[in-house]
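Q: Enclosed is the structure file coords.cif (mmCIF, C-alpha atoms and all ligand atoms).
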```cif
data_target
loop_
_atom_site.group_PDB
_atom_site.id
_atom_site.type_symbol
_atom_site.label_atom_id
_atom_site.label_comp_id
_atom_site.auth_asym_id
_atom_site.auth_seq_id
_atom_site.Cartn_x
_atom_site.Cartn_y
_atom_site.Cartn_z
ATOM 1 C CA MET A 1 -13.451 5.215 -3.151
ATOM 2 C CA TRP A 2 -14.383 3.504 0.105
ATOM 3 C CA ILE A 3 -11.648 0.923 0.046
ATOM 4 C CA PHE A 4 -10.632 1.793 3.617
ATOM 5 C CA PHE A 5 -14.096 1.477 5.046
ATOM 6 C CA ILE A 6 -13.105 -1.575 7.053
ATOM 7 C CA PHE A 7 -10.078 -0.976 9.261
ATOM 8 C CA THR A 8 -9.253 -4.662 9.759
ATOM 9 C CA GLY A 9 -5.650 -5.408 8.997
ATOM 10 C CA PHE A 10 -4.422 -1.853 9.334
ATOM 11 C CA ILE A 11 -0.924 -1.503 10.722
ATOM 12 C CA SER A 12 -0.266 2.038 11.961
ATOM 13 C CA ILE A 13 3.151 2.681 13.457
ATOM 14 C CA ASP A 14 4.449 5.776 15.217
ATOM 15 C CA CYS A 15 8.190 5.317 14.874
ATOM 16 C CA GLY A 16 10.302 6.385 17.833
ATOM 17 C CA ILE A 17 7.724 6.397 20.626
ATOM 18 C CA PRO A 18 8.560 4.306 23.708
ATOM 19 C CA ALA A 19 8.039 0.535 23.541
ATOM 20 C CA ASN A 20 4.474 -0.593 24.253
ATOM 21 C CA SER A 21 3.073 2.920 24.059
ATOM 22 C CA ASN A 22 0.736 4.306 21.433
ATOM 23 C CA SER A 23 -0.593 7.594 20.102
ATOM 24 C CA VAL A 24 -3.950 8.516 18.633
ATOM 25 C CA ASP A 25 -4.104 10.702 15.552
ATOM 26 C CA VAL A 26 -6.510 13.564 16.236
ATOM 27 C CA ASP A 27 -7.789 13.718 12.656
ATOM 28 C CA THR A 28 -8.123 10.075 11.693
ATOM 29 C CA LYS A 29 -8.701 8.751 15.248
ATOM 30 C CA LEU A 30 -6.439 5.870 14.344
ATOM 31 C CA THR A 31 -4.242 4.420 17.066
ATOM 32 C CA TYR A 32 -0.552 4.352 16.185
ATOM 33 C CA VAL A 33 1.518 1.782 18.017
ATOM 34 C CA SER A 34 5.192 1.867 18.937
ATOM 35 C CA ASP A 35 7.590 0.492 16.347
ATOM 36 C CA ASP A 36 9.369 -1.536 19.013
ATOM 37 C CA GLN A 37 7.610 -4.771 18.039
ATOM 38 C CA PHE A 38 8.558 -4.354 14.360
ATOM 39 C CA ILE A 39 12.297 -3.652 14.576
ATOM 40 C CA ASN A 40 15.064 -4.071 17.128
ATOM 41 C CA THR A 41 17.686 -1.632 15.854
ATOM 42 C CA GLY A 42 17.890 2.149 15.846
ATOM 43 C CA VAL A 43 17.717 5.056 18.244
ATOM 44 C CA ASN A 44 14.627 7.040 19.205
ATOM 45 C CA TYR A 45 14.460 10.811 19.013
ATOM 46 C CA ARG A 46 11.822 13.413 19.751
ATOM 47 C CA ILE A 47 11.768 16.488 17.510
ATOM 48 C CA ALA A 48 12.568 19.848 19.119
ATOM 49 C CA SER A 49 9.591 21.506 20.787
ATOM 50 C CA LYS A 50 9.873 24.583 18.573
ATOM 51 C CA TYR A 51 8.657 22.445 15.655
ATOM 52 C CA VAL A 52 5.700 20.983 17.526
ATOM 53 C CA SER A 53 2.278 22.417 16.815
ATOM 54 C CA SER A 54 -1.268 21.195 17.274
ATOM 55 C CA SER A 55 -1.625 20.731 13.526
ATOM 56 C CA LEU A 56 1.365 18.430 13.302
ATOM 57 C CA MET A 57 0.391 14.768 13.065
ATOM 58 C CA LYS A 58 1.361 12.928 16.246
ATOM 59 C CA GLN A 59 3.144 10.387 14.076
ATOM 60 C CA LEU A 60 5.678 13.074 13.161
ATOM 61 C CA LEU A 61 6.733 14.066 16.686
ATOM 62 C CA THR A 62 9.240 11.252 17.087
ATOM 63 C CA VAL A 63 11.576 9.391 14.746
ATOM 64 C CA ARG A 64 13.671 6.271 14.828
ATOM 65 C CA SER A 65 17.133 6.827 13.424
ATOM 66 C CA PHE A 66 19.654 4.282 12.176
ATOM 67 C CA PRO A 67 23.258 5.453 12.647
ATOM 68 C CA ILE A 68 24.552 1.862 12.613
ATOM 69 C CA GLY A 69 24.280 -0.606 9.740
ATOM 70 C CA ALA A 70 23.814 -0.203 6.008
ATOM 71 C CA ARG A 71 20.391 -1.817 6.094
ATOM 72 C CA ASN A 72 17.786 -1.700 8.836
ATOM 73 C CA CYS A 73 14.431 -3.372 8.270
ATOM 74 C CA TYR A 74 10.970 -3.214 9.738
ATOM 75 C CA ILE A 75 9.020 -6.462 9.503
ATOM 76 C CA LEU A 76 5.259 -6.121 9.041
ATOM 77 C CA LYS A 77 3.832 -9.489 10.004
ATOM 78 C CA SER A 78 0.595 -11.461 9.871
ATOM 79 C CA LEU A 79 -0.165 -10.503 6.285
ATOM 80 C CA SER A 80 -1.777 -12.826 3.807
ATOM 81 C CA LEU A 81 0.362 -14.107 1.000
ATOM 82 C CA GLY A 82 -0.872 -12.861 -2.380
ATOM 83 C CA SER A 83 -2.908 -9.995 -0.948
ATOM 84 C CA LYS A 84 -2.423 -6.426 -2.013
ATOM 85 C CA TYR A 85 -1.281 -3.745 0.401
ATOM 86 C CA LEU A 86 -0.566 -0.064 0.397
ATOM 87 C CA VAL A 87 2.556 0.788 2.370
ATOM 88 C CA ARG A 88 3.209 4.376 3.375
ATOM 89 C CA ALA A 89 6.419 5.659 4.936
ATOM 90 C CA THR A 90 6.495 9.174 6.371
ATOM 91 C CA PHE A 91 9.499 11.369 7.115
ATOM 92 C CA LEU A 92 9.922 14.686 8.926
ATOM 93 C CA TYR A 93 13.510 15.711 9.600
ATOM 94 C CA VAL A 94 13.365 19.073 11.435
ATOM 95 C CA ASN A 95 16.986 18.609 12.526
ATOM 96 C CA TYR A 96 16.043 15.960 15.103
ATOM 97 C CA ASP A 97 19.720 14.931 15.350
ATOM 98 C CA ASN A 98 21.080 18.483 15.659
ATOM 99 C CA LEU A 99 23.437 17.810 12.746
ATOM 100 C CA ASN A 100 21.725 20.200 10.328
ATOM 101 C CA LYS A 101 22.385 17.746 7.530
ATOM 102 C CA LEU A 102 19.490 16.791 5.278
ATOM 103 C CA PRO A 103 19.987 13.079 4.617
ATOM 104 C CA ILE A 104 19.465 11.116 1.413
ATOM 105 C CA PHE A 105 18.803 7.380 1.720
ATOM 106 C CA ASP A 106 16.873 4.611 0.000
ATOM 107 C CA VAL A 107 13.892 2.559 1.051
ATOM 108 C CA HIS A 108 13.513 -1.005 -0.122
ATOM 109 C CA LEU A 109 10.598 -3.389 0.093
ATOM 110 C CA GLY A 110 12.425 -6.588 0.953
ATOM 111 C CA VAL A 111 15.327 -6.684 -1.478
ATOM 112 C CA ASN A 112 13.623 -4.473 -4.043
ATOM 113 C CA TYR A 113 14.320 -0.764 -4.445
ATOM 114 C CA TRP A 114 11.270 1.323 -3.605
ATOM 115 C CA ASP A 115 12.373 4.945 -3.624
ATOM 116 C CA THR A 116 15.070 7.419 -2.689
ATOM 117 C CA ILE A 117 14.206 9.586 0.274
ATOM 118 C CA ASN A 118 15.759 12.946 -0.452
ATOM 119 C CA ILE A 119 15.014 15.308 2.413
ATOM 120 C CA THR A 120 15.327 18.677 0.728
ATOM 121 C CA ARG A 121 13.608 20.877 3.290
ATOM 122 C CA GLU A 122 14.267 20.684 6.993
ATOM 123 C CA ASN A 123 10.626 21.172 7.949
ATOM 124 C CA GLY A 124 8.921 19.460 5.032
ATOM 125 C CA ASP A 125 7.225 16.195 5.841
ATOM 126 C CA LYS A 126 6.909 13.734 3.065
ATOM 127 C CA ALA A 127 4.946 10.527 2.616
ATOM 128 C CA TYR A 128 6.025 7.864 0.159
ATOM 129 C CA GLU A 129 3.475 5.271 -0.869
ATOM 130 C CA ILE A 130 3.713 2.006 -2.711
ATOM 131 C CA ILE A 131 1.187 -0.684 -3.570
ATOM 132 C CA THR A 132 2.546 -4.174 -3.453
ATOM 133 C CA THR A 133 1.462 -7.785 -3.341
ATOM 134 C CA ALA A 134 2.711 -9.764 -0.363
ATOM 135 C CA ALA A 135 5.030 -12.531 -1.565
ATOM 136 C CA ALA A 136 5.001 -14.030 1.941
ATOM 137 C CA ASP A 137 3.038 -13.510 5.140
ATOM 138 C CA TYR A 138 5.188 -10.488 5.939
ATOM 139 C CA ILE A 139 6.680 -7.447 4.206
ATOM 140 C CA GLN A 140 10.052 -5.966 5.070
ATOM 141 C CA VAL A 141 10.528 -2.220 4.797
ATOM 142 C CA CYS A 142 14.243 -1.479 4.796
ATOM 143 C CA LEU A 143 16.092 1.809 5.194
ATOM 144 C CA ILE A 144 19.347 1.804 3.286
ATOM 145 C CA ASN A 145 22.304 3.998 4.210
ATOM 146 C CA LYS A 146 23.978 5.341 1.043
ATOM 147 C CA GLY A 147 26.670 7.280 2.880
ATOM 148 C CA LEU A 148 24.676 10.487 2.444
ATOM 149 C CA GLY A 149 23.336 10.895 5.957
ATOM 150 C CA THR A 150 21.660 8.773 8.598
ATOM 151 C CA PRO A 151 18.398 7.098 7.562
ATOM 152 C CA PHE A 152 15.414 7.751 9.820
ATOM 153 C CA ILE A 153 11.655 7.334 9.717
ATOM 154 C CA SER A 154 8.702 9.047 11.405
ATOM 155 C CA GLY A 155 5.791 6.785 10.556
ATOM 156 C CA LEU A 156 4.913 3.596 8.763
ATOM 157 C CA ASP A 157 1.437 2.489 7.700
ATOM 158 C CA LEU A 158 0.132 -0.597 5.996
ATOM 159 C CA ARG A 159 -3.377 -0.842 4.582
ATOM 160 C CA PRO A 160 -4.894 -3.930 3.001
ATOM 161 C CA LEU A 161 -6.426 -3.286 -0.406
ATOM 162 C CA GLU A 162 -9.105 -5.227 -2.151
ATOM 163 C CA THR A 163 -7.472 -7.534 -4.638
ATOM 164 C CA SER A 164 -9.490 -6.000 -7.449
ATOM 165 C CA THR A 165 -7.993 -2.544 -6.932
ATOM 166 C CA TYR A 166 -4.845 -1.428 -8.737
ATOM 167 C CA LYS A 167 -4.607 -4.298 -11.178
ATOM 168 C CA ALA A 168 -1.170 -3.136 -12.292
ATOM 169 C CA ALA A 169 0.289 -4.216 -8.958
ATOM 170 C CA SER A 170 1.072 -7.900 -9.319
ATOM 171 C CA SER A 171 3.351 -10.218 -7.420
ATOM 172 C CA THR A 172 6.204 -9.233 -9.698
ATOM 173 C CA GLN A 173 5.552 -5.515 -9.898
ATOM 174 C CA SER A 174 4.845 -2.903 -7.261
ATOM 175 C CA LEU A 175 3.254 0.423 -7.955
ATOM 176 C CA VAL A 176 4.978 3.526 -6.625
ATOM 177 C CA LEU A 177 2.613 6.425 -6.231
ATOM 178 C CA TYR A 178 4.012 9.712 -7.406
ATOM 179 C CA ASP A 179 0.976 11.716 -6.457
ATOM 180 C CA ARG A 180 -0.653 11.076 -3.163
ATOM 181 C CA LEU A 181 -4.012 9.469 -3.808
ATOM 182 C CA ASP A 182 -7.025 10.658 -1.904
ATOM 183 C CA LEU A 183 -7.897 7.371 -0.287
ATOM 184 C CA GLY A 184 -9.832 8.902 2.559
ATOM 185 C CA ALA A 185 -13.299 9.014 1.029
ATOM 186 C CA SER A 186 -15.593 12.010 1.419
ATOM 187 C CA ASP A 187 -13.819 13.712 4.288
ATOM 188 C CA SER A 188 -10.513 13.765 2.383
ATOM 189 C CA LEU A 189 -8.558 12.366 5.283
ATOM 190 C CA ILE A 190 -5.663 10.129 4.449
ATOM 191 C CA ARG A 191 -6.051 7.376 7.009
HETATM 192 C C1 LIG Y 1 18.127 15.578 -3.912
HETATM 193 O O1 LIG Y 1 17.349 16.722 -4.159
HETATM 194 C C2 LIG Y 1 18.087 17.841 -4.608
HETATM 195 C C3 LIG Y 1 17.153 19.040 -4.685
HETATM 196 O O2 LIG Y 1 16.010 18.750 -5.435
HETATM 197 C C4 LIG Y 1 18.723 17.490 -5.949
HETATM 198 O O3 LIG Y 1 19.497 18.581 -6.399
HETATM 199 C C5 LIG Y 1 19.603 16.267 -5.788
HETATM 200 O O4 LIG Y 1 20.109 15.877 -7.033
HETATM 201 C C6 LIG Y 1 18.823 15.120 -5.171
HETATM 202 N N1 LIG Y 1 19.740 14.014 -4.894
HETATM 203 C C7 LIG Y 1 19.433 12.739 -5.126
HETATM 204 C C8 LIG Y 1 20.499 11.732 -4.814
HETATM 205 O O5 LIG Y 1 18.343 12.373 -5.520
#
```
Please rewrite the model in this file as structure tokens.
Ligand SMILES: *[C@@H]1O[C@H](CO)[C@@H](O)[C@H](O)[C@H]1NC(C)=O
A:
Amino acid sequence: MWIFFIFTGFISIDCGIPANSNSVDVDTKLTYVSDDQFINTGVNYRIASKYVSSSLMKQLLTVRSFPIGARNCYILKSLSLGSKYLVRATFLYVNYDNLNKLPIFDVHLGVNYWDTINITRENGDKAYEIITTAAADYIQVCLINKGLGTPFISGLDLRPLETSTYKAASSTQSLVLYDRLDLGASDSLIR
């Protein structure tokens, strides 16, 4: 499926890198921008060097963490109302906060529950994807503190989809993906 052939409208965010900086993913060649322009709360961390390897996606090297507030939201702007988007949130804990406590927290799209992020392995990275229709010209991705550890995030991606794809995703219903789809065409890269 070549639905990502045109990169227009991609939002690729490397959470936790310094404001106004960016990183380029070696595999996808996509440029990931700082999350600073999408949120104004949280604390940046870099994962310990012992977890860094050349095969680790650059997006996973830093996180933004939210020790304060029950609800912290990213705002993805300049979308078109009624269009369909895939939103992907990525998490790698690797004890970035030195607390050795695997957190459990929720992610919401706006006010709607999306998923529970249950970090069960310190060094497991996990991507959560959802297909949704923009009910405005922006989408909010919110991290919700449930009292079970500090919410954090490593990466956030938004990809426009053709309106004809995923007909089950309507303005009233979003589609959570339980298996990661291979959306990267012939080279199997998830862009
Ligand atoms: C988190 O995952 C663990 C291990 O799979 C499970 O035992 C636990 O019930 C989960 N907690 C929540 C709140 O989902």
Q: Determine the residue membership of the PyMOL selection byres (((not hetatm)) within 9 of (chain Y and resi 1)) for the file above and supply it as a VMD selection string.
A: chain A and resid 104 to 105 116 to 121 148
Q: For C-alpha atoms, I'd like the residues from the last selection saved as a PDB file, in the coordinates of the input.
A:
```pdb
ATOM      1  CA  ILE A 104      19.465  11.116   1.413  1.00  0.00           C
ATOM      2  CA  PHE A 105      18.803   7.380   1.720  1.00  0.00           C
ATOM      3  CA  THR A 116      15.070   7.419  -2.689  1.00  0.00           C
ATOM      4  CA  ILE A 117      14.206   9.586   0.274  1.00  0.00           C
ATOM      5  CA  ASN A 118      15.759  12.946  -0.452  1.00  0.00           C
ATOM      6  CA  ILE A 119      15.014  15.308   2.413  1.00  0.00           C
ATOM      7  CA  THR A 120      15.327  18.677   0.728  1.00  0.00           C
ATOM      8  CA  ARG A 121      13.608  20.877   3.290  1.00  0.00           C
ATOM      9  CA  LEU A 148      24.676  10.487   2.444  1.00  0.00           C
TER      10      LEU A 148
END
```
Q: Show me, as a PyMOL selection string, the residues that have an atom within 9 Å of range 41-49 of chain A when counting all atoms listed in the file, minus same-chain residues fewer than 3 positions from it.
A: chain A and resi 15-18+36+52-53+60-68+72-73+92-97+152
Q: Between A:Ile153, A:Val176, A:Leu56, A:Leu158, which residue has the minimum interatomic distance to Ile139 in chain A, considering only C-alpha atoms?
A: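 Looking only at the distances to Ile139 in chain A, the closest residue turns out to be A:Leu158.
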Q: In Å, rounded to a single decimal, give me how far CA of Asp157 in chain A is from CA of Leu86 in chain A.
A: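 If I compute the distance from CA of Leu86 in chain A to CA of Asp157 in chain A, I get 8.0 Å.
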Q: Nearest to Leu81 in chain A among A:Ala134, A:Gly149, A:Ile11, A:Val141, with distances taken over all atoms listed in the file: which residue is it?
A: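 The closest residue to Leu81 in chain A is A:Ala134.
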Q: Could you check how far CA of Gly124 in chain A sits from CA of Gln37 in chain A, in Å to one decimal?
A: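 Computed distance, CA of Gly124 in chain A to CA of Gln37 in chain A, equals 27.5 Å.
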Q: Report, in Å to a single decimal, how far apart CA of Ser12 in chain A and CA of Ser83 in chain A are.
A: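 We find that CA of Ser83 in chain A and CA of Ser12 in chain A lie 17.8 Å from each other.
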Q: Which is closer to Ser54 in chain A than all the others in A:Ala19, A:Ala89, A:Val26, A:Ile13, using only C-alpha atoms?
A: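 So, comparing all the options, the nearest one is A:Val26.
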Q: I need the residue set behind the PyMOL selection byres (((chain A and resi 70) around 6) and not hetatm) for this file; please write it as a ChimeraX atom specification.
A: /A:69,71,144-145
Q: Any chance you could resolve the PyMOL selection byres (((chain A and resi 80) around 10) and not hetatm) against this file and give the residues as a CSV table (one decimal) with C-alpha atoms, in the coordinates of the input?
A:
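Saved result, expr_22.csv, follows:
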```
chain,number,residue,atom,x,y,z
A,9,GLY,CA,-5.6,-5.4,9.0
A,77,LYS,CA,3.8,-9.5,10.0
A,78,SER,CA,0.6,-11.5,9.9
A,79,LEU,CA,-0.2,-10.5,6.3
A,81,LEU,CA,0.4,-14.1,1.0
A,82,GLY,CA,-0.9,-12.9,-2.4
A,83,SER,CA,-2.9,-10.0,-0.9
A,84,LYS,CA,-2.4,-6.4,-2.0
A,85,TYR,CA,-1.3,-3.7,0.4
A,133,THR,CA,1.5,-7.8,-3.3
A,134,ALA,CA,2.7,-9.8,-0.4
A,135,ALA,CA,5.0,-12.5,-1.6
A,136,ALA,CA,5.0,-14.0,1.9
A,137,ASP,CA,3.0,-13.5,5.1
A,138,TYR,CA,5.2,-10.5,5.9
A,160,PRO,CA,-4.9,-3.9,3.0
```
Q: I'd like the neighbourhood of Trp114 in chain A as a PyMOL selection string, where a residue qualifies if any of its atoms comes within 9 Å (using only C-alpha atoms), though same-chain residues fewer than 3 positions away should be ignored.
A: chain A and resi 106-109+130+174+176
Q: Restricting the calculation to only C-alpha atoms, which member of A:Lys146, A:Gln140, A:Lys126, A:Val87 is positioned closest to Leu175 in chain A?
A: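 Selected residue with least distance to Leu175 in chain A: A:Val87.
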